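S.K.: Pasting in a structure now, in C-alpha cells, and then I'll have a few things to ask.
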Number of protein chains: 2
Amino acid sequence: MKRYVSVAEELRGMIQGGTLRPGEQLPSIRSLCRTRKLSPATVLHAYEALESDGLIESKPRSGYYVMKPGAALSATPAPRMPAARAQSTRVDVSNLVFEILEASRNREVVPFGSAFPSPSQFPWMKLARYLGSSARHMDPWSTVESLPPGNLELRRQIARRYLRLGMGVGVEQIVVTSGALEALNLSLQAVARSGETIAIESPAFYGCLQAAERLGLKVVEIPTHPREGMDLEALRAALDRHSIHAVWAMTTLQHPTGATMGSDRKRELIKLLAHREIPLIEDDAYAELQFATASPPAKAFDKKGLVLHCGSFSKCLAPGYRLGWVAAGRFSEEIARRKIESSLATSLPIQQGVAQMLRHGGYDAHLARLRRFLATQQSAALDSLRRHFPLGYRVAPPAGGYFLWVECAASVDALEVHRLALDHGITIAPGPMFSARRQFGNFIRLNIGHPWNAATDRAIARLGELVRWSKLPRVKPAVREP
Amino acid sequence: MKRYVSVAEELRGMIQGGTLRPGEQLPSIRSLCRTRKLSPATVLHAYEALESDGLIESKPRSGYYVMKPGAALSATPAPRMPAARAQSTRVDVSNLVFEILEASRNREVVPFGSAFPSPSQFPWMKLARYLGSSARHMDPWSTVESLPPGNLELRRQIARRYLRLGMGVGVEQIVVTSGALEALNLSLQAVARSGETIAIESPAFYGCLQAAERLGLKVVEIPTHPREGMDLEALRAALDRHSIHAVWAMTTLQHPTGATMGSDRKRELIKLLAHREIPLIEDDAYAELQFATASPPAKAFDKKGLVLHCGSFSKCLAPGYRLGWVAAGRFSEEIARRKIESSLATSLPIQQGVAQMLRHGGYDAHLARLRRFLATQQSAALDSLRRHFPLGYRVAPPAGGYFLWVECAASVDALEVHRLALDHGITIAPGPMFSARRQFGNFIRLNIGHPWNAATDRAIARLGELVRWSKLPRVKPAVREP
C-alpha cells in the first residue's frame with residue numbers, strides 16, 4: 001500500500017470512529033510531517049484523497065476540516081464518464097450476467113448484484129384479488145380479441161398514465177408485451193437488421209448488449225454521464241461519423257448510472273434524431289420510481305412517431321407478472337406482428353388483472369409508498385458506504401430507483417471483488433457487465449432496494465474490505481499448469 | 001363447367017336430397033347414355049368422380065350403388081401429398097396469416113379459419129380459482145427463484161405427464177415458456193443460424209415458416225402424408241443432398257393435416273437424425289387432443305438428447321394463459337439463457353396457478369371430456385361436408401384435434417374461396433398459408449372445434465357453394481386502369 005493511502009485510511013478511521021468530529025480542523029500539513037516523519041507531498045496526497053472522497057474539505061488559507069453530515073453527501077464526487085471512441089464494436093457479452101443471475105436466486109445471498117426490485121414492497125394480495133376476479137369473469141372469447149396489440153382496457157389504463165404526464169399517446173400505438181425486455185427486443189428487431197449499427201449508452205443495461213449481440217448488430221457506445229445522461233455532443237459526432245440505424249437510451253433513471261436527462265436535453269435528443277429520421281428506443285422501465293416530480297420521457301417531444309417508448313410494471317407494481325408495453329409510434333403494427341410471430345400474446349388473465357388493479361387498486365398510493373421507501377433506502381445505503389468504503393470512491397445518488405453506480409479507485413478490479421464477494425455470500429454487479437468493450441473495470445452497481453438492516457450494513461462493510469483489498473498492489477497467483 | 005361435372009352434380013343432388021337412397025343402385029352407364037344423350041366416357045367420368053368423393057361405390061360386375069352412411073366416412077379419399085423437391089427455398093411468408101387472424105377476432109365471424117380452440121370447452125372457473133389462490137399465497141421471493149428454467153412445481157407436473165407415456169424426462173431439461181410458439185422460436189434459435197437450412201414439413205404450420213423467415217433460414221420442404229406424416233424416404237434423400245442443421249416436425253396431429261406418425265415411424269425418424277447428430281424440434285402442441293390412446297412423441301426414442309420437444313397448455317387446458325414448455329435435451333441450458341435474454345421469464349402466477357390445476361384440478365377428467373367433445377365435432381363436420389361440399393374433395397379425418405385438411409378439386413382456388421368467404425362472414429385457412437412455395441392452392445384447413453349447430457352447417461353449405469363456384473372456368477374480370 002502506498003504510504004499516503006495508509007495515512008488517509010488512518011485519518012478516515014479517526015473520522016468515522018468519531019475521534020475527529022464534523023467541523024473539526026485536521027492537523028496542519030506541517031505538524032503531521034513533523035510528528036509522523038512524512039514528506040509534505042505524502043500528507044498533501046492523503047488530504048486530497050480524503051477530500052475527493054467527500055470526507056474533509058479545505059478552506060482557503062485556513063486548512064482542512066472534517067465535512068459536516070449532509071454536506072458530505074452532496075460533496076461525494078460523481079463517477080466519471082468514459083471518453084468517446086470513434087469505432088463501432090461488435091458486441092460480445094459474456095457469461096457474467098448469467099453467473100450473477102444464478103447467484104441471486106439463492107435467498108441466503110445478499111443481493112446487491114440483483115437487478116430485481118425487492119419483492120417486499122408490492123401489493124401482492126391486492127394483485128392476487130384482481131387477478132383472480134378478472135380470471136373468473138374472463139369472457140372466453142377475449143382470448144382471441146386480446147391478441148396483440150393487446151387487451152383494450154389495459155391499453156386504456158396505460159394511455160391514461162401518459163395523459164398524466166401531459167402526453168397524448170393513443171391506445172392504437174400501445175402494444176402490450178411480456179415485460180419491458182420483450183418490448184425492447186421487439187423494438188430493436190423492428191428498427192435494425194443484422195450487420196447494422198445502433199448507438200447505445202456507455203455504460204448500458206446489459207440486456208441491450210445481449211439483444212444487440214443476438215441480432216448481430218454493431219454498437220457505438222456513447223459516453224453517458226452519471227447525472228446528465230447520454231452525452232449529446234458525442235452522439236451528434238457519432239451520428240455524423242457512422243451510419244446509425246437506431247439509438248437505444250434510458251433517458252430517466254438510466255441503468256446502471258441512475259442518470260436522468262433534463263427535459264431540455266430530452267428535447268434536444270429528439271431534435272437530433274428527428275432531423276435524421278432515426279428511431280429512438282426509449283427504455284423507460286424505471287420511470288415510475290422517480291422520488292419527486294416525474295420527468296416526462298423523450299417520447300413527449302416526439303412529433304414524428306420515431307420513438308418506441310418501452311415501459312413495464314415489473315419494477316413498480318407487479319414483479320414476476322411479466323407485463324410491459326411499447327408505445328411504438330409509427331412502428332406499432334410492425335411490433336404487434338412480431339409479437340404475434342414470436343410469442344403470440346401476453347397472458348390474458350395477467351393483462352386483465354393488472355388493468356383492473358390500475359383502474360381500481362390505488363396504484364398511485366402504492367407508488368407514493370414505494371418511492372418513499374426507496375428514498376429511505378438510498379439514504380441508508382449512502383450512509384453505509386460512507387462509513388465502510390475505502391477512500392476514493394465516487395457516487396452520484398440518482399433521483400429514484402434502487403441502484404447506486406459506484407466508481408471505486410482506479411486500481412480496484414470489480415470482477416475480482418465480484419468473485420471474492422460471492423465467496424462471502426454477497427453479489428454485486430461489476431462494471432464490465434455494462435459495456436461491450438468491458439470498460440468500467442473499477443465500477444460496481446449496487447442494488448440497494450432490499451430492506452436495509454444490520455446484516456446489509458455488515459455486507460457493505462465486508463464489501464468495503466474487499467474493495468480495499470482488491471486495490472492493493474500484489475503478486476498475481478501463478479497460473480497452475482493443467 | 002365440363003359436362004361430366006354437371007352430371008355428377010346432378011346425381012349428387014339426387015343422393016343428398018334422398019331421391020337416390022343409400023344402398024340403391026344407380027342407373028347403368030348404358031341407360032344413362034341413352035336417356036340423357038351422353039357419351040359413355042362422360043357418364044363413367046361422372047361416376048368415378050362421385051366414387052372418389054365417397055358418395056357411391058362400384059361393385060364388380062354389378063354396377064354403381066349409393067354408399068351407406070358410415071361406410072362413406074372411411075371411403076372419403078385422403079388428400080394427396082406433394083412430390084418431393086430437390087431445392088431448398090428461402091421463406092417468404094405473406095400477410096395472409098395476419099389477415100385471417102384479424103378477421104378471426106370478430107366474434108360475428110364463423111371461425112373456420114381460426115387456429116385457436118373453441119373457448120367454450122375449458123375449465124375457466126377452476127383455472128381462475130387456482131390462479132387466484134396461487135397468487136395470494138405466492139412467496140414474493142419466488143419471482144427470482146422461478147426464473148428460467150421456471151417454476152419447479154410446474155416442471156414436476158410436466159415431467160409427470162411424460163412419465164405417464166413411459167418417458168423419463170427430468171425436470172432439469174424442461175424449460176417453461178410463454179406458450180409453445182415461444183418454445184419453438186427459442187428452439188430454432190438454439191439449433192440454427194441465419195443462412196443455414198432446416199427441413200420442415202409440407203404442408204407446415206405457418207408459425208414455423210414465419211420463424212424460419214425471421215431468422216433468415218432456408219427450408220427444405222419434406223412431403224408430409226395426411227395420414228402417415230413426414231415422408232421419411234424424402235427426408236433421408238434431403239439429408240443426403242443438403243447440409244441440414246435441424247428438422248422441425250409435428251409427429252402427432254400435424255398442423256394442418258392432422259397426420260400422426262406411428263411409433264415405428266417416429267423411431268425411424270429419430271434413428272435417421274441421431275445417426276447424423278441432427279437436432280429435431282418436435283412441435284407437439286396438440287398431443288393431448290388425441291381421441292384415443294396417446295401416441296408417445298418421437299422424443300420417447302431419443303437417446304442422445306437431440307430432441308427439443310415443445311408442448312403447450314393452450315390447446316388442451318388454458319387458452320390465453322400463454323403457458324408452454326420445451327424439454328430440450330442437451331439444449332436446455334442454452335434455451336433457458338435465450339429465454340432470459342428475450343423475455344426474462346414466464347408470468348409467475350400463471351406458472352403456479354396452472355401447476356396447482358395440474359396437481360389438484362382434475363386435468364385428466366377435463367381432457368376426457370374435451371376429447372369426447374372434439375370427436376363429436378369431427379363427426380358433425382364430416383357429415384356437413386358430405387352433405388354440402390361439391391364432388392372431388394378429399395379429407396383424412398385425423399385421430400384428434402380440431403382441424404380438417406380438405407383437398408378440393410384441382411381447379412379450386414383456395415385463396416379466392418378465402419376472399420369470397422370473408423365477404424360472407426366466414427373465415428377459412430387457405431392452403432398456401434402452409435407452404436413456403438405457396439403450394440396447396442386447392443386446399444383449405446377448417447377449424448371444426450367450435451360447437452356445431454345449424455349456423456355452422458349453413459356456413460359449410462355456403463362454403464360448399466363458394467368452392468363450387470370457384471372451380472368453374474370463367475373469364476377473369478379485366479384489371480381496371482387506375
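Following the order of the C-alpha cells, chains are lettered A, B, ..., residues in each are numbered from 1, and ligands are numbered from 1.
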With only C-alpha atoms counted and 7 Å as the cut-off, give the residues of chain A in contact with chain B, each with its shortest interatomic distance in Å and the pair that gives it, as JSON lines.

M.R.:
{"residue": "A:Arg105", "atom": "CA", "partner": "B:Glu145", "partner_atom": "CA", "distance": 5.0}
{"residue": "A:Pro119", "atom": "CA", "partner": "B:Pro140", "partner_atom": "CA", "distance": 5.3}
{"residue": "A:Trp124", "atom": "CA", "partner": "B:Arg136", "partner_atom": "CA", "distance": 6.9}
{"residue": "A:Met125", "atom": "CA", "partner": "B:Arg136", "partner_atom": "CA", "distance": 5.5}
{"residue": "A:Ala128", "atom": "CA", "partner": "B:Ala135", "partner_atom": "CA", "distance": 4.9}
{"residue": "A:Arg129", "atom": "CA", "partner": "B:Gly132", "partner_atom": "CA", "distance": 6.5}
{"residue": "A:Leu131", "atom": "CA", "partner": "B:Gly132", "partner_atom": "CA", "distance": 6.1}
{"residue": "A:Gly132", "atom": "CA", "partner": "B:Gly132", "partner_atom": "CA", "distance": 3.9}
{"residue": "A:Ala135", "atom": "CA", "partner": "B:Ala128", "partner_atom": "CA", "distance": 4.9}
{"residue": "A:Arg136", "atom": "CA", "partner": "B:Ala128", "partner_atom": "CA", "distance": 5.1}
{"residue": "A:Pro140", "atom": "CA", "partner": "B:Pro119", "partner_atom": "CA", "distance": 5.3}
{"residue": "A:Trp141", "atom": "CA", "partner": "B:Pro119", "partner_atom": "CA", "distance": 6.3}
{"residue": "A:Thr143", "atom": "CA", "partner": "B:Gly320", "partner_atom": "CA", "distance": 5.0}
{"residue": "A:Val144", "atom": "CA", "partner": "B:Arg105", "partner_atom": "CA", "distance": 5.6}
{"residue": "A:Glu145", "atom": "CA", "partner": "B:Arg105", "partner_atom": "CA", "distance": 5.0}
{"residue": "A:Ser178", "atom": "CA", "partner": "B:Ser343", "partner_atom": "CA", "distance": 6.6}
{"residue": "A:Gly179", "atom": "CA", "partner": "B:Ser343", "partner_atom": "CA", "distance": 6.8}
{"residue": "A:Leu181", "atom": "CA", "partner": "B:Ser343", "partner_atom": "CA", "distance": 5.4}
{"residue": "A:Glu182", "atom": "CA", "partner": "B:Ser343", "partner_atom": "CA", "distance": 4.7}
{"residue": "A:Asn185", "atom": "CA", "partner": "B:Ser342", "partner_atom": "CA", "distance": 6.5}
{"residue": "A:Gly207", "atom": "CA", "partner": "B:Glu341", "partner_atom": "CA", "distance": 6.7}
{"residue": "A:Gln210", "atom": "CA", "partner": "B:Glu341", "partner_atom": "CA", "distance": 6.8}
{"residue": "A:Pro319", "atom": "CA", "partner": "B:Thr143", "partner_atom": "CA", "distance": 6.8}
{"residue": "A:Gly320", "atom": "CA", "partner": "B:Thr143", "partner_atom": "CA", "distance": 4.9}
{"residue": "A:Tyr321", "atom": "CA", "partner": "B:Ser347", "partner_atom": "CA", "distance": 4.6}
{"residue": "A:Arg322", "atom": "CA", "partner": "B:Ser347", "partner_atom": "CA", "distance": 5.1}
{"residue": "A:Glu341", "atom": "CA", "partner": "B:Gly207", "partner_atom": "CA", "distance": 6.7}
{"residue": "A:Ser342", "atom": "CA", "partner": "B:Glu182", "partner_atom": "CA", "distance": 5.8}
{"residue": "A:Ser343", "atom": "CA", "partner": "B:Glu182", "partner_atom": "CA", "distance": 4.7}
{"residue": "A:Leu344", "atom": "CA", "partner": "B:Leu181", "partner_atom": "CA", "distance": 6.8}
{"residue": "A:Thr346", "atom": "CA", "partner": "B:Arg322", "partner_atom": "CA", "distance": 6.7}
{"residue": "A:Ser347", "atom": "CA", "partner": "B:Tyr321", "partner_atom": "CA", "distance": 4.6}
{"residue": "A:Leu348", "atom": "CA", "partner": "B:Gly320", "partner_atom": "CA", "distance": 5.4}
{"residue": "A:Pro349", "atom": "CA", "partner": "B:Tyr321", "partner_atom": "CA", "distance": 6.6}

S.K.: Only N, CA and C atoms, please: the residues just picked out, written as an mmCIF file, in the first residue's frame.

M.R.:
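File produced: selection.cif:
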data_model
loop_
_atom_site.group_PDB
_atom_site.id
_atom_site.type_symbol
_atom_site.label_atom_id
_atom_site.label_comp_id
_atom_site.auth_asym_id
_atom_site.auth_seq_id
_atom_site.Cartn_x
_atom_site.Cartn_y
_atom_site.Cartn_z
ATOM 1 N N ARG A 105 -30.415 -16.078 -7.232
ATOM 2 C CA ARG A 105 -31.585 -16.905 -6.937
ATOM 3 C C ARG A 105 -31.599 -17.381 -5.499
ATOM 4 N N PRO A 119 -38.847 -7.819 -3.449
ATOM 5 C CA PRO A 119 -40.274 -8.187 -3.525
ATOM 6 C C PRO A 119 -41.059 -7.777 -2.282
ATOM 7 N N TRP A 124 -49.082 -7.480 -3.132
ATOM 8 C CA TRP A 124 -49.340 -8.824 -3.648
ATOM 9 C C TRP A 124 -50.763 -9.285 -3.463
ATOM 10 N N MET A 125 -51.330 -9.034 -2.281
ATOM 11 C CA MET A 125 -52.679 -9.544 -2.017
ATOM 12 C C MET A 125 -53.711 -8.864 -2.915
ATOM 13 N N ALA A 128 -53.399 -10.222 -6.342
ATOM 14 C CA ALA A 128 -53.972 -11.566 -6.410
ATOM 15 C C ALA A 128 -55.492 -11.478 -6.521
ATOM 16 N N ARG A 129 -56.087 -10.563 -5.748
ATOM 17 C CA ARG A 129 -57.547 -10.424 -5.801
ATOM 18 C C ARG A 129 -58.018 -10.019 -7.185
ATOM 19 N N LEU A 131 -56.430 -10.349 -9.968
ATOM 20 C CA LEU A 131 -56.099 -11.415 -10.911
ATOM 21 C C LEU A 131 -57.170 -12.502 -10.869
ATOM 22 N N GLY A 132 -57.485 -12.948 -9.665
ATOM 23 C CA GLY A 132 -58.490 -13.998 -9.502
ATOM 24 C C GLY A 132 -59.839 -13.559 -10.041
ATOM 25 N N ALA A 135 -59.919 -13.294 -13.824
ATOM 26 C CA ALA A 135 -59.937 -14.613 -14.458
ATOM 27 C C ALA A 135 -61.320 -15.246 -14.339
ATOM 28 N N ARG A 136 -61.964 -15.061 -13.179
ATOM 29 C CA ARG A 136 -63.314 -15.633 -13.010
ATOM 30 C C ARG A 136 -64.307 -15.023 -13.991
ATOM 31 N N PRO A 140 -64.441 -15.881 -22.344
ATOM 32 C CA PRO A 140 -63.528 -16.778 -23.075
ATOM 33 C C PRO A 140 -63.172 -16.263 -24.465
ATOM 34 N N TRP A 141 -64.110 -15.537 -25.084
ATOM 35 C CA TRP A 141 -63.824 -15.043 -26.426
ATOM 36 C C TRP A 141 -62.692 -14.035 -26.449
ATOM 37 N N THR A 143 -59.894 -14.267 -25.356
ATOM 38 C CA THR A 143 -58.569 -14.830 -25.653
ATOM 39 C C THR A 143 -58.163 -14.503 -27.086
ATOM 40 N N VAL A 144 -59.146 -14.414 -27.955
ATOM 41 C CA VAL A 144 -58.839 -14.069 -29.342
ATOM 42 C C VAL A 144 -58.824 -12.552 -29.538
ATOM 43 N N GLU A 145 -59.801 -11.889 -28.930
ATOM 44 C CA GLU A 145 -59.887 -10.430 -29.129
ATOM 45 C C GLU A 145 -58.690 -9.684 -28.550
ATOM 46 N N SER A 178 -44.809 -9.044 -22.815
ATOM 47 C CA SER A 178 -44.496 -9.798 -21.603
ATOM 48 C C SER A 178 -43.270 -9.163 -20.940
ATOM 49 N N GLY A 179 -43.478 -7.999 -20.350
ATOM 50 C CA GLY A 179 -42.393 -7.266 -19.705
ATOM 51 C C GLY A 179 -41.674 -6.343 -20.672
ATOM 52 N N LEU A 181 -38.540 -6.205 -21.305
ATOM 53 C CA LEU A 181 -37.456 -6.825 -22.069
ATOM 54 C C LEU A 181 -37.965 -7.302 -23.426
ATOM 55 N N GLU A 182 -39.150 -7.911 -23.429
ATOM 56 C CA GLU A 182 -39.711 -8.315 -24.716
ATOM 57 C C GLU A 182 -39.996 -7.089 -25.580
ATOM 58 N N ASN A 185 -36.722 -5.940 -27.074
ATOM 59 C CA ASN A 185 -36.253 -6.856 -28.115
ATOM 60 C C ASN A 185 -37.066 -6.718 -29.398
ATOM 61 N N GLY A 207 -28.938 -5.988 -20.930
ATOM 62 C CA GLY A 207 -29.976 -6.561 -21.792
ATOM 63 C C GLY A 207 -29.892 -5.989 -23.194
ATOM 64 N N GLN A 210 -26.934 -7.695 -24.860
ATOM 65 C CA GLN A 210 -27.273 -9.066 -25.258
ATOM 66 C C GLN A 210 -28.168 -9.069 -26.484
ATOM 67 N N PRO A 319 -43.812 -7.319 -9.913
ATOM 68 C CA PRO A 319 -42.662 -8.124 -10.345
ATOM 69 C C PRO A 319 -43.089 -9.575 -10.561
ATOM 70 N N GLY A 320 -42.556 -10.203 -11.562
ATOM 71 C CA GLY A 320 -42.869 -11.607 -11.807
ATOM 72 C C GLY A 320 -44.135 -11.819 -12.617
ATOM 73 N N TYR A 321 -44.973 -10.769 -12.731
ATOM 74 C CA TYR A 321 -46.171 -10.924 -13.546
ATOM 75 C C TYR A 321 -45.829 -10.856 -15.036
ATOM 76 N N ARG A 322 -44.699 -10.275 -15.353
ATOM 77 C CA ARG A 322 -44.229 -10.136 -16.742
ATOM 78 C C ARG A 322 -45.212 -9.359 -17.603
ATOM 79 N N GLU A 341 -45.773 -13.281 -33.955
ATOM 80 C CA GLU A 341 -44.905 -14.317 -34.508
ATOM 81 C C GLU A 341 -44.001 -14.961 -33.462
ATOM 82 N N SER A 342 -43.603 -14.171 -32.463
ATOM 83 C CA SER A 342 -42.598 -14.728 -31.557
ATOM 84 C C SER A 342 -43.186 -15.337 -30.297
ATOM 85 N N SER A 343 -44.298 -14.803 -29.796
ATOM 86 C CA SER A 343 -44.871 -15.408 -28.590
ATOM 87 C C SER A 343 -46.399 -15.327 -28.586
ATOM 88 N N LEU A 344 -46.963 -14.993 -29.724
ATOM 89 C CA LEU A 344 -48.400 -14.907 -29.937
ATOM 90 C C LEU A 344 -49.059 -13.794 -29.140
ATOM 91 N N THR A 346 -49.602 -11.874 -24.838
ATOM 92 C CA THR A 346 -49.263 -11.823 -23.421
ATOM 93 C C THR A 346 -50.435 -12.421 -22.652
ATOM 94 N N SER A 347 -50.100 -13.157 -21.597
ATOM 95 C CA SER A 347 -51.113 -13.862 -20.826
ATOM 96 C C SER A 347 -52.323 -12.968 -20.536
ATOM 97 N N LEU A 348 -53.488 -13.454 -20.938
ATOM 98 C CA LEU A 348 -54.689 -12.630 -20.846
ATOM 99 C C LEU A 348 -55.123 -12.350 -19.407
ATOM 100 N N PRO A 349 -55.162 -13.360 -18.526
ATOM 101 C CA PRO A 349 -55.551 -13.041 -17.149
ATOM 102 C C PRO A 349 -54.623 -11.980 -16.532
#

S.K.: Write out as a PyMOL selection string the set of residues from segment 93-309 of chain A that DSSP, computed on the backbone, places in strand (DSSP E).

M.R.: chain A and resi 110-111+174-177+197-202+218-225+229-230+244-249+280-283+307-309

S.K.: Write a file of the selected residues as a compact mmCIF listing (two decimals), in the first residue's frame, keeping N, CA and C atoms.

M.R.:
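Dumped to selection_16.txt:
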# COMPACT_ATOMS: atom_id res chain seq x y z
N VAL A 110 -26.73 -12.00 -0.09
CA VAL A 110 -27.08 -10.57 -0.04
C VAL A 110 -27.10 -10.04 -1.47
N PRO A 111 -28.28 -9.65 -1.96
CA PRO A 111 -28.45 -9.47 -3.41
C PRO A 111 -28.11 -8.08 -3.92
N ILE A 174 -50.13 1.54 -28.65
CA ILE A 174 -49.60 0.80 -27.50
C ILE A 174 -49.73 -0.71 -27.75
N VAL A 175 -48.61 -1.40 -27.68
CA VAL A 175 -48.61 -2.86 -27.83
C VAL A 175 -48.20 -3.47 -26.49
N VAL A 176 -49.06 -4.33 -25.94
CA VAL A 176 -48.76 -4.97 -24.66
C VAL A 176 -47.74 -6.08 -24.88
N THR A 177 -46.79 -6.19 -23.96
CA THR A 177 -45.75 -7.22 -24.08
C THR A 177 -45.56 -7.95 -22.76
N THR A 197 -25.76 -0.85 -37.46
CA THR A 197 -25.16 -0.26 -36.26
C THR A 197 -26.20 0.54 -35.47
N ILE A 198 -26.18 0.38 -34.16
CA ILE A 198 -27.02 1.23 -33.30
C ILE A 198 -26.12 1.95 -32.29
N ALA A 199 -26.62 3.08 -31.82
CA ALA A 199 -25.90 3.81 -30.77
C ALA A 199 -26.53 3.45 -29.43
N ILE A 200 -25.67 3.15 -28.47
CA ILE A 200 -26.18 2.82 -27.14
C ILE A 200 -25.40 3.63 -26.10
N GLU A 201 -25.87 3.57 -24.88
CA GLU A 201 -25.19 4.30 -23.82
C GLU A 201 -23.96 3.53 -23.34
N SER A 202 -23.08 4.25 -22.70
CA SER A 202 -21.92 3.62 -22.07
C SER A 202 -21.72 4.29 -20.72
N LYS A 218 -23.93 -4.09 -34.70
CA LYS A 218 -22.76 -3.41 -34.16
C LYS A 218 -23.26 -2.26 -33.30
N VAL A 219 -22.46 -1.92 -32.29
CA VAL A 219 -22.88 -0.82 -31.42
C VAL A 219 -21.80 0.26 -31.37
N VAL A 220 -22.27 1.49 -31.31
CA VAL A 220 -21.38 2.61 -30.98
C VAL A 220 -21.76 3.04 -29.58
N GLU A 221 -20.79 3.01 -28.69
CA GLU A 221 -21.08 3.35 -27.30
C GLU A 221 -20.92 4.85 -27.08
N ILE A 222 -21.97 5.48 -26.63
CA ILE A 222 -21.95 6.93 -26.40
C ILE A 222 -21.73 7.18 -24.91
N PRO A 223 -20.71 7.94 -24.55
CA PRO A 223 -20.45 8.19 -23.12
C PRO A 223 -21.71 8.75 -22.45
N THR A 224 -21.96 8.24 -21.26
CA THR A 224 -23.17 8.65 -20.56
C THR A 224 -22.80 9.14 -19.17
N HIS A 225 -23.15 10.38 -18.92
CA HIS A 225 -22.79 11.00 -17.65
C HIS A 225 -23.71 10.49 -16.55
N GLY A 229 -26.86 11.97 -18.09
CA GLY A 229 -27.26 11.00 -19.11
C GLY A 229 -26.39 11.11 -20.35
N MET A 230 -26.91 10.57 -21.46
CA MET A 230 -26.12 10.45 -22.69
C MET A 230 -25.52 11.78 -23.12
N ILE A 244 -25.91 5.14 -38.52
CA ILE A 244 -26.58 4.58 -37.33
C ILE A 244 -28.06 4.41 -37.60
N HIS A 245 -28.56 3.20 -37.35
CA HIS A 245 -29.94 2.89 -37.70
C HIS A 245 -30.92 3.14 -36.57
N ALA A 246 -30.44 3.19 -35.35
CA ALA A 246 -31.33 3.45 -34.23
C ALA A 246 -30.49 3.81 -33.01
N VAL A 247 -31.13 4.48 -32.08
CA VAL A 247 -30.49 4.80 -30.80
C VAL A 247 -31.30 4.12 -29.71
N TRP A 248 -30.60 3.49 -28.78
CA TRP A 248 -31.26 2.87 -27.62
C TRP A 248 -30.80 3.65 -26.39
N ALA A 249 -31.73 4.24 -25.66
CA ALA A 249 -31.32 5.03 -24.50
C ALA A 249 -32.35 4.94 -23.38
N LEU A 280 -35.73 6.14 -32.01
CA LEU A 280 -35.20 6.04 -30.65
C LEU A 280 -35.96 4.96 -29.89
N ILE A 281 -35.22 3.97 -29.41
CA ILE A 281 -35.81 3.00 -28.49
C ILE A 281 -35.58 3.56 -27.09
N GLU A 282 -36.65 4.00 -26.47
CA GLU A 282 -36.53 4.64 -25.16
C GLU A 282 -36.95 3.65 -24.08
N ASP A 283 -35.95 3.13 -23.39
CA ASP A 283 -36.21 2.15 -22.32
C ASP A 283 -36.53 2.93 -21.05
N VAL A 307 -40.27 7.47 -31.84
CA VAL A 307 -39.85 6.93 -30.55
C VAL A 307 -40.66 5.69 -30.19
N LEU A 308 -39.94 4.63 -29.84
CA LEU A 308 -40.57 3.41 -29.34
C LEU A 308 -40.34 3.42 -27.83
N HIS A 309 -41.37 3.85 -27.10
CA HIS A 309 -41.23 4.05 -25.66
C HIS A 309 -41.65 2.78 -24.92

S.K.: Which residues are near segment 384-396 of chain A? Cut-off 7 Å, only C-alpha atoms, ignore same chain within fewer than 5 positions. Put them as a PDB file with C-alpha atoms, in the first residue's frame.

M.R.:
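Dumped to around_25.pdb:
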ATOM      1  CA  GLN A  16     -15.575   7.528  11.083  1.00  0.00           C
ATOM      2  CA  ALA A  49      -7.744  11.755  -1.348  1.00  0.00           C
ATOM      3  CA  LEU A  50      -9.921  12.344   1.700  1.00  0.00           C
ATOM      4  CA  SER A  52     -12.061  13.833  -3.188  1.00  0.00           C
ATOM      5  CA  ASP A  53     -13.905  11.218  -1.159  1.00  0.00           C
ATOM      6  CA  THR A  76     -19.227  12.878  -2.789  1.00  0.00           C
ATOM      7  CA  PRO A  77     -17.984  13.245  -6.300  1.00  0.00           C
ATOM      8  CA  ALA A  78     -19.926  11.672  -9.140  1.00  0.00           C
ATOM      9  CA  PRO A  79     -18.429   8.765 -11.028  1.00  0.00           C
ATOM     10  CA  PRO A 226     -23.966   9.550 -14.312  1.00  0.00           C
ATOM     11  CA  ARG A 227     -26.086  12.638 -13.626  1.00  0.00           C
ATOM     12  CA  TRP A 405     -23.378   3.187  -9.551  1.00  0.00           C
ATOM     13  CA  VAL A 406     -20.141   3.327  -7.608  1.00  0.00           C
ATOM     14  CA  GLU A 407     -16.790   4.188  -9.109  1.00  0.00           C
ATOM     15  CA  CYS A 408     -14.005   2.784  -6.962  1.00  0.00           C
ATOM     16  CA  ALA A 409     -10.372   3.818  -7.088  1.00  0.00           C
ATOM     17  CA  ASP A 457     -24.728  -2.840   6.642  1.00  0.00           C
ATOM     18  CA  ILE A 460     -21.382  -3.288   2.815  1.00  0.00           C
ATOM     19  CA  ALA A 461     -18.585  -3.290   5.403  1.00  0.00           C
ATOM     20  CA  GLY A 464     -15.595  -2.259   1.623  1.00  0.00           C
ATOM     21  CA  ARG A 468      -9.792  -2.137  -0.141  1.00  0.00           C
TER      22      ARG A 468
END

S.K.: Leaving out Gly449 of chain A and any residue of its chain fewer than 4 positions from it, which residues lie within 9 Å of it when counting only C-alpha atoms, given as a ChimeraX atom specification?

M.R.: /A:112,116-118,373-374,377-378,401-403

S.K.: Hey, what's within 9 Å of Thr260 of chain B if we count only C-alpha atoms and toss same-chain stuff fewer than 5 positions away? As a ChimeraX atom specification, please?

M.R.: /B:226-229,250-254,295,398-399
